[in-house]
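What's in model_22.cif: mmCIF, C-alpha atoms
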data_input
#
loop_
_atom_site.label_atom_id
_atom_site.label_comp_id
_atom_site.auth_asym_id
_atom_site.auth_seq_id
_atom_site.Cartn_x
_atom_site.Cartn_y
_atom_site.Cartn_z
CA SER F 1 0.00 0.00 0.00
CA ASN F 2 1.18 3.56 -0.69
CA ARG F 3 0.29 4.56 2.86
CA PHE F 4 2.44 1.84 4.46
CA HIS F 5 6.10 2.79 4.97
CA VAL F 6 9.00 0.84 6.46
CA ARG F 7 12.47 2.39 6.37
CA ALA F 8 15.63 0.45 7.05
CA ALA F 9 16.10 2.19 10.38
CA GLN F 10 12.51 1.34 11.38
CA ARG F 11 12.92 -2.31 10.36
CA VAL F 12 15.90 -2.64 12.70
CA ARG F 13 13.82 -1.29 15.59
CA ASN F 14 10.78 -3.46 14.65
CA LYS F 15 8.70 -0.45 13.69
CA PHE F 16 6.65 0.75 10.72
CA ALA F 17 4.67 3.86 9.78
CA VAL F 18 1.19 4.43 8.33
CA GLU F 19 0.30 7.66 6.55
CA HIS F 20 -2.99 9.01 7.93
CA TYR F 21 -4.73 12.28 7.04
CA ALA F 22 -2.99 13.91 9.98
CA GLY F 23 0.44 12.68 8.85
CA TYR F 24 2.75 9.74 9.54
CA VAL F 25 2.07 7.61 12.63
CA GLU F 26 4.72 5.15 13.76
CA TYR F 27 3.83 1.76 15.27
CA SER F 28 5.94 -0.82 17.09
CA THR F 29 5.60 -4.58 16.56
CA GLU F 30 7.08 -5.46 19.95
CA ASN F 31 4.63 -7.49 22.07
CA TRP F 32 2.09 -7.13 19.29
CA LEU F 33 0.39 -10.46 20.04
CA GLU F 34 0.53 -9.97 23.77
CA LYS F 35 -1.31 -6.67 23.47
CA ASN F 36 -4.09 -8.33 21.49
CA LYS F 37 -4.75 -11.31 23.75
CA ASP F 38 -7.22 -9.37 25.86
CA GLN F 39 -6.83 -11.82 28.76
CA LEU F 40 -6.57 -11.45 32.48
CA PRO F 41 -3.15 -12.16 33.97
CA ALA F 42 -2.89 -15.64 35.52
CA ALA F 43 -2.39 -14.20 39.02
CA SER F 44 -5.59 -12.15 38.78
CA ALA F 45 -7.53 -15.19 37.54
CA GLU F 46 -6.23 -17.29 40.47
CA LEU F 47 -7.27 -14.56 42.88
CA LEU F 48 -10.81 -14.60 41.51
CA GLU F 49 -10.93 -18.40 41.65
CA SER F 50 -9.97 -18.42 45.32
CA SER F 51 -12.56 -15.80 46.31
CA ASN F 52 -15.61 -16.83 48.34
CA PHE F 53 -17.63 -13.83 47.23
CA GLU F 54 -20.95 -15.05 45.80
CA LEU F 55 -21.01 -12.64 42.85
CA LEU F 56 -17.49 -13.61 41.74
CA GLY F 57 -18.53 -17.24 41.99
CA GLN F 58 -21.35 -16.60 39.52
CA ILE F 59 -19.12 -14.90 36.95
CA ARG F 60 -16.16 -17.24 37.47
CA ARG F 61 -17.02 -19.37 34.46
CA TYR F 62 -16.79 -16.31 32.18
CA VAL F 63 -13.25 -15.42 33.23
CA ARG F 64 -10.60 -15.97 30.54
CA SER F 65 -7.02 -16.05 31.72
CA GLU F 66 -3.54 -16.62 30.36
CA GLY F 67 -2.82 -20.26 29.64
CA ALA F 68 -6.51 -21.15 29.26
CA LYS F 69 -7.20 -23.95 26.81
CA ILE F 70 -10.48 -22.45 25.65
CA ALA F 71 -10.25 -20.79 22.27
CA MET F 72 -10.58 -17.06 22.65
CA LYS F 73 -11.27 -14.08 20.44
CA SER F 74 -8.39 -11.66 20.30
CA LEU F 75 -8.91 -7.92 20.61
CA GLY F 76 -8.29 -7.58 16.88
CA LYS F 77 -10.91 -10.26 16.13
CA GLN F 78 -13.46 -8.53 18.34
CA PHE F 79 -12.77 -5.21 16.63
CA SER F 80 -13.12 -6.84 13.19
CA GLU F 81 -16.50 -8.39 14.06
CA SER F 82 -17.71 -5.13 15.61
CA LEU F 83 -16.68 -3.30 12.42
CA LYS F 84 -18.64 -5.77 10.28
CA VAL F 85 -21.76 -5.26 12.40
CA LEU F 86 -21.36 -1.50 12.09
CA ARG F 87 -20.93 -1.80 8.32
CA VAL F 88 -24.16 -3.83 8.02
CA ARG F 89 -26.01 -1.27 10.14
CA ILE F 90 -24.72 1.64 8.03
CA ASP F 91 -25.69 -0.09 4.78
CA ALA F 92 -29.24 -0.54 6.10
CA THR F 93 -29.63 3.14 7.02
CA MET F 94 -29.00 6.61 5.58
CA PRO F 95 -26.34 8.08 7.88
CA HIS F 96 -25.54 11.78 8.05
CA TYR F 97 -22.24 12.89 9.52
CA VAL F 98 -21.44 16.08 11.40
CA ARG F 99 -17.87 17.29 10.97
CA CYS F 100 -16.62 19.17 14.03
CA LEU F 101 -13.85 21.73 13.51
CA LYS F 102 -11.76 23.50 16.15
CA PRO F 103 -11.86 27.24 15.35
CA ASN F 104 -8.61 28.08 17.14
CA ASP F 105 -5.89 26.47 19.25
CA ALA F 106 -6.42 28.85 22.17
CA LEU F 107 -9.98 27.56 22.73
CA GLU F 108 -11.30 31.13 22.70
CA PRO F 109 -14.87 32.09 21.73
CA ASP F 110 -15.53 34.21 18.61
CA ASN F 111 -12.01 33.58 17.34
CA PHE F 112 -11.81 31.82 13.97
CA ASP F 113 -8.42 31.02 12.51
CA PRO F 114 -8.98 30.51 8.74
CA ARG F 115 -5.68 28.71 8.20
CA ASN F 116 -6.37 26.30 11.06
CA ILE F 117 -9.86 25.52 9.74
CA VAL F 118 -8.65 24.97 6.16
CA GLU F 119 -5.95 22.59 7.39
CA GLN F 120 -8.53 20.56 9.31
CA LEU F 121 -10.79 20.40 6.25
CA ARG F 122 -7.86 19.28 4.09
CA TYR F 123 -6.58 16.64 6.52
CA CYS F 124 -10.11 15.25 7.02
CA GLY F 125 -10.52 14.89 3.25
CA VAL F 126 -13.47 17.29 3.05
CA LEU F 127 -11.90 19.52 0.39
CA GLU F 128 -10.98 16.50 -1.72
CA ALA F 129 -14.52 15.12 -1.40
CA VAL F 130 -15.94 18.48 -2.51
CA ARG F 131 -13.56 18.59 -5.48
CA VAL F 132 -14.54 15.09 -6.59
CA SER F 133 -18.23 15.88 -6.13
CA ARG F 134 -18.00 19.07 -8.18
CA ALA F 135 -16.20 17.20 -10.96
CA GLY F 136 -19.08 14.72 -11.26
CA TYR F 137 -22.82 15.07 -10.68
CA PRO F 138 -23.13 16.61 -7.20
CA THR F 139 -26.85 17.44 -7.50
CA ARG F 140 -29.22 14.47 -7.70
CA TYR F 141 -33.00 14.66 -7.64
CA PRO F 142 -35.46 11.75 -7.51
CA HIS F 143 -37.76 11.73 -10.52
CA GLU F 144 -40.83 13.05 -8.69
CA VAL F 145 -38.81 15.80 -6.98
CA PHE F 146 -37.29 16.88 -10.30
CA ILE F 147 -40.73 17.13 -11.93
CA THR F 148 -42.17 19.04 -8.95
CA ARG F 149 -39.28 21.52 -8.92
CA TYR F 150 -38.86 22.20 -12.66
CA TYR F 151 -42.30 21.54 -14.19
CA MET F 152 -42.63 25.21 -15.18
CA ILE F 153 -39.75 24.88 -17.67
CA CYS F 154 -41.84 22.45 -19.72
CA PRO F 155 -45.53 23.32 -19.23
CA ASN F 156 -46.58 21.24 -22.27
CA ARG F 157 -44.78 18.09 -21.12
CA PHE F 158 -47.90 16.03 -21.93
CA THR F 159 -47.11 16.22 -25.69
CA ASP F 160 -43.99 15.50 -27.73
CA THR F 161 -44.19 18.77 -29.68
CA ASP F 162 -41.22 21.14 -29.06
CA ASN F 163 -39.88 18.84 -26.34
CA LEU F 164 -38.20 15.92 -28.12
CA SER F 165 -35.91 15.69 -31.12
CA PRO F 166 -37.80 15.37 -34.43
CA TYR F 167 -34.99 13.17 -35.75
CA HIS F 168 -35.36 10.33 -33.21
CA ASN F 169 -38.21 8.22 -31.83
CA GLU F 170 -37.38 8.75 -28.16
CA ILE F 171 -40.65 7.77 -26.48
CA SER F 172 -40.98 4.01 -26.16
CA SER F 173 -44.41 2.41 -25.99
CA ASN F 174 -43.51 0.48 -22.83
CA LEU F 175 -42.96 3.69 -20.80
CA THR F 176 -45.56 4.81 -18.32
CA GLU F 177 -47.20 8.22 -18.65
CA ASP F 178 -45.11 9.60 -15.79
CA GLN F 179 -41.90 8.33 -17.42
CA LYS F 180 -42.91 9.94 -20.73
CA GLN F 181 -43.54 13.28 -19.03
CA LEU F 182 -40.20 13.04 -17.22
CA LYS F 183 -38.31 12.31 -20.43
CA ARG F 184 -39.97 15.23 -22.22
CA LEU F 185 -39.13 17.50 -19.30
CA VAL F 186 -35.47 16.40 -19.20
CA SER F 187 -35.19 16.81 -22.97
CA ARG F 188 -36.67 20.31 -22.81
CA VAL F 189 -34.39 21.26 -19.90
CA ALA F 190 -31.33 20.02 -21.82
CA THR F 191 -32.35 22.13 -24.83
CA GLU F 192 -32.89 25.25 -22.73
CA VAL F 193 -29.52 24.80 -21.01
CA TRP F 194 -27.76 24.37 -24.37
CA LYS F 195 -29.41 27.54 -25.75
CA ILE F 196 -28.26 29.64 -22.81
CA GLU F 197 -24.71 28.28 -22.86
CA HIS F 198 -24.51 28.60 -26.66
CA GLU F 199 -25.55 32.24 -26.47
CA PHE F 200 -23.03 32.86 -23.72
CA PHE F 201 -20.17 31.30 -25.70
CA GLN F 202 -21.07 33.37 -28.75
CA HIS F 203 -21.01 36.61 -26.77
CA ALA F 204 -17.77 35.54 -25.13
CA ALA F 205 -16.24 35.06 -28.61
CA ARG F 206 -15.15 31.57 -27.67
CA PRO F 207 -13.35 29.66 -30.46
CA ALA F 208 -15.56 26.99 -32.01
CA GLU F 209 -12.90 24.31 -31.84
CA GLN F 210 -12.60 24.60 -28.07
CA SER F 211 -15.19 22.34 -26.47
CA ASP F 212 -16.15 22.41 -22.83
CA ASN F 213 -13.91 19.89 -21.09
CA ARG F 214 -16.73 18.66 -18.86
CA HIS F 215 -18.46 17.12 -21.90
CA ALA F 216 -17.30 13.97 -23.67
CA LEU F 217 -18.89 15.26 -26.92
CA ALA F 218 -17.99 18.30 -28.98
CA ARG F 219 -20.41 21.16 -28.47
CA PRO F 220 -22.92 21.49 -31.34
CA GLU F 221 -22.77 24.83 -33.15
CA SER F 222 -26.46 25.06 -34.04
CA LEU F 223 -29.82 24.01 -32.63
CA ASP F 224 -30.40 21.64 -35.55
CA GLU F 225 -27.05 19.97 -34.91
CA PHE F 226 -27.93 19.68 -31.22
CA LEU F 227 -31.33 18.09 -31.95
CA ARG F 228 -29.73 15.56 -34.30
CA LEU F 229 -27.94 14.03 -31.30
CA ASP F 230 -29.68 11.21 -29.48
CA PHE F 231 -31.31 11.77 -26.09
CA SER F 232 -28.33 10.66 -23.96
CA SER F 233 -25.88 12.71 -26.00
CA ARG F 234 -27.98 15.86 -25.71
CA CYS F 235 -28.17 15.34 -21.94
CA ALA F 236 -24.39 14.82 -21.75
CA VAL F 237 -23.74 18.03 -23.69
CA ALA F 238 -26.09 19.97 -21.39
CA GLY F 239 -24.53 18.47 -18.24
CA LEU F 240 -27.29 16.19 -16.94
CA GLN F 241 -28.26 12.53 -17.10
CA LEU F 242 -31.51 10.65 -16.59
CA GLY F 243 -31.08 7.61 -14.34
CA LYS F 244 -33.48 4.88 -13.30
CA THR F 245 -34.55 6.62 -10.11
CA LYS F 246 -32.81 10.02 -10.17
CA VAL F 247 -31.83 12.89 -12.44
CA PHE F 248 -28.13 13.81 -12.16
CA LEU F 249 -26.98 17.40 -12.65
CA ARG F 250 -23.52 18.87 -12.99
CA ARG F 251 -22.81 22.04 -11.06
CA GLU F 252 -22.94 24.31 -14.12
CA ALA F 253 -26.16 22.71 -15.39
CA PHE F 254 -27.78 22.99 -11.96
CA GLU F 255 -26.95 26.69 -11.71
CA THR F 256 -28.32 27.32 -15.21
CA ILE F 257 -31.55 25.40 -14.54
CA GLU F 258 -32.04 27.25 -11.26
CA SER F 259 -31.61 30.59 -13.05
CA ILE F 260 -34.25 29.52 -15.63
CA ARG F 261 -36.60 28.50 -12.81
CA ASN F 262 -36.10 31.77 -10.94
CA GLU F 263 -36.64 33.78 -14.11
CA LYS F 264 -39.90 32.00 -14.89
CA PHE F 265 -41.10 32.42 -11.31
CA GLY F 266 -40.20 36.09 -11.46
CA ARG F 267 -42.15 36.61 -14.68
CA ASN F 268 -45.16 34.75 -13.28
CA VAL F 269 -45.09 36.80 -10.07
CA THR F 270 -44.92 40.00 -12.13
CA LYS F 271 -47.82 38.85 -14.31
CA ILE F 272 -49.96 37.94 -11.27
CA SER F 273 -49.16 41.25 -9.60
CA LYS F 274 -49.91 43.19 -12.81
CA THR F 275 -53.22 41.39 -13.32
CA TRP F 276 -54.31 41.98 -9.76
CA ARG F 277 -53.41 45.69 -9.85
CA ARG F 278 -55.33 46.09 -13.12
CA TYR F 279 -58.36 44.31 -11.64
CA ALA F 280 -58.23 46.46 -8.49
CA ALA F 281 -57.94 49.64 -10.58
CA GLU F 282 -60.86 48.65 -12.80
CA GLU F 283 -63.05 47.85 -9.78
CA HIS F 284 -62.11 51.17 -8.22
CA LEU F 285 -62.97 52.97 -11.46
CA LYS F 286 -66.34 51.19 -11.70
CA ARG F 287 -67.21 52.12 -8.11
CA SER F 288 -66.13 55.70 -8.70
CA ILE F 289 -68.26 56.05 -11.85
CA GLN F 290 -71.23 54.50 -10.06
CA ALA F 291 -70.73 56.91 -7.15
CA ILE F 292 -70.59 59.91 -9.52
CA ILE F 293 -73.81 58.83 -11.27
CA THR F 294 -75.53 58.34 -7.91
CA ILE F 295 -74.47 61.79 -6.71
CA GLN F 296 -75.62 63.47 -9.94
CA CYS F 297 -79.00 61.81 -9.79
#
Just give me the structure of the file as structure tokens.
Amino acid sequence: SNRFHVRAAQRVRNKFAVEHYAGYVEYSTENWLEKNKDQLPAASAELLESSNFELLGQIRRYVRSEGAKIAMKSLGKQFSESLKVLRVRIDATMPHYVRCLKPNDALEPDNFDPRNIVEQLRYCGVLEAVRVSRAGYPTRYPHEVFITRYYMICPNRFTDTDNLSPYHNEISSNLTEDQKQLKRLVSRVATEVWKIEHEFFQHAARPAEQSDNRHALARPESLDEFLRLDFSSRCAVAGLQLGKTKVFLRREAFETIESIRNEKFGRNVTKISKTWRRYAAEEHLKRSIQAIITIQC
């Protein structure tokens, strides 16, 4: 292993080192087996055997001592079995971990040392985990959650028109109605994301031969070229993928989709507010005209 190190000087002293997040930790092999026996010394066992105390007499048969012929579990074996039980329990649940960080070495309140905190995050592997997550698909929505959150991007998701590519038959007959709506929505979202990014690259005067390195495919230069790609390829170009139970989004695609969602919500809020203000003004005008007529009569 790359984390296991044994130098010549350590080998002479029966020692080795393991590289942990916090650095190198040196271990000694002297009395390694003795430390893992987890047994009472023979003298202590004899003392318990000779006791007349009733309670000790009841637990005497459970005492394991040095030189006992009964097969015993070493400390390492007990730890291994305990770790297996913990692993089974974790696999059967959805654990959430809380990472505790020490803000400063002086243990003072309201004193945050940025360098100290960053070092703890780096040694604990948090920064590396974030980097790996950002390089892949960090945002993942179950199908029903994705539809509930982004339905407004594809209001006509009940029909194939303007949602799917006209060059491919992408809706299979064995799909349920919910699966068809989801596929139309994902296809429409991918198209909207590509349009926004394509417009951005054009304004940024980005060379056509330079493709975004987060995509395995070259970026299409026109909408027709984009629609000629199959469903999976269009999703890959846009930075999302449709899985069996979830929709996976890259960071850039997630930010773009959220901006589309916020824009549509903003327009709808403005339209509702405008309609209500117009209705209130018309009602006020009608009441005013009626009041004027009543006064004149």
Please determine, counting all atoms listed in the file, which residue among F:Ser51, F:Ser82, F:Asn163, F:Asn262 has the shortest atom-to-atom distance to Tyr150 in chain F. F:Asn262
For the provided coordinates, the residues matched by the PyMOL selection byres ((chain F and resi 114) around 12) should be stated as a ChimeraX atom specification. /F:101-105,111-113,115-121
Neighbouring residues of range 166-176 of chain F were defined as those with any atom within 12 Å, considering all atoms listed in the file; residues of the same chain fewer than 6 positions away were excluded. Please report them as a PyMOL selection string. chain F and resi 158-160+182-184+186-187+223-232+234
Using only C-alpha atoms, collect all residues at a distance of at most 12 Å from (-20.3, 12.5, 7.5) as written in the file, then present them as a list in words.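 Residues lying no farther than 12 Å from the given point: Ile90, Met94, Pro95, His96, Tyr97, Val98, Arg99, Cys100, Cys124, Gly125, Val126 and Ala129 of chain F.
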Just the residues within 10 Å of Met152 in chain F, please, counting only C-alpha atoms, with nothing from its chain fewer than 6 positions along; format it as a compact mmCIF listing (two decimals) with C-alpha atoms, in the frame of the given file.
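Below is the file that was written, part.txt:
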# COMPACT_ATOMS: atom_id res chain seq x y z
CA LEU F 185 -39.13 17.50 -19.30
CA ILE F 260 -34.25 29.52 -15.63
CA ARG F 261 -36.60 28.50 -12.81
CA LYS F 264 -39.90 32.00 -14.89
CA PHE F 265 -41.10 32.42 -11.31
Find, counting all atoms listed in the file, the residue in F:Arg60, F:Arg122, F:Arg149, F:Arg219 that gets nearest to Glu258 in chain F.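 Result for the nearest residue to Glu258 in chain F: F:Arg149.
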List the residues selected by the PyMOL selection byres ((chain F and resi 252) around 12) in the file shown, writing them as a PyMOL selection string. chain F and resi 134-139+193-194+196-197+212+214-215+237-240+248-251+253-259
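Checking F:Val12, F:Ala236, F:Val145, F:Pro220 one by one against Ala190 in chain F, counting only C-alpha atoms, you find the shortest gap at F:Ala236.
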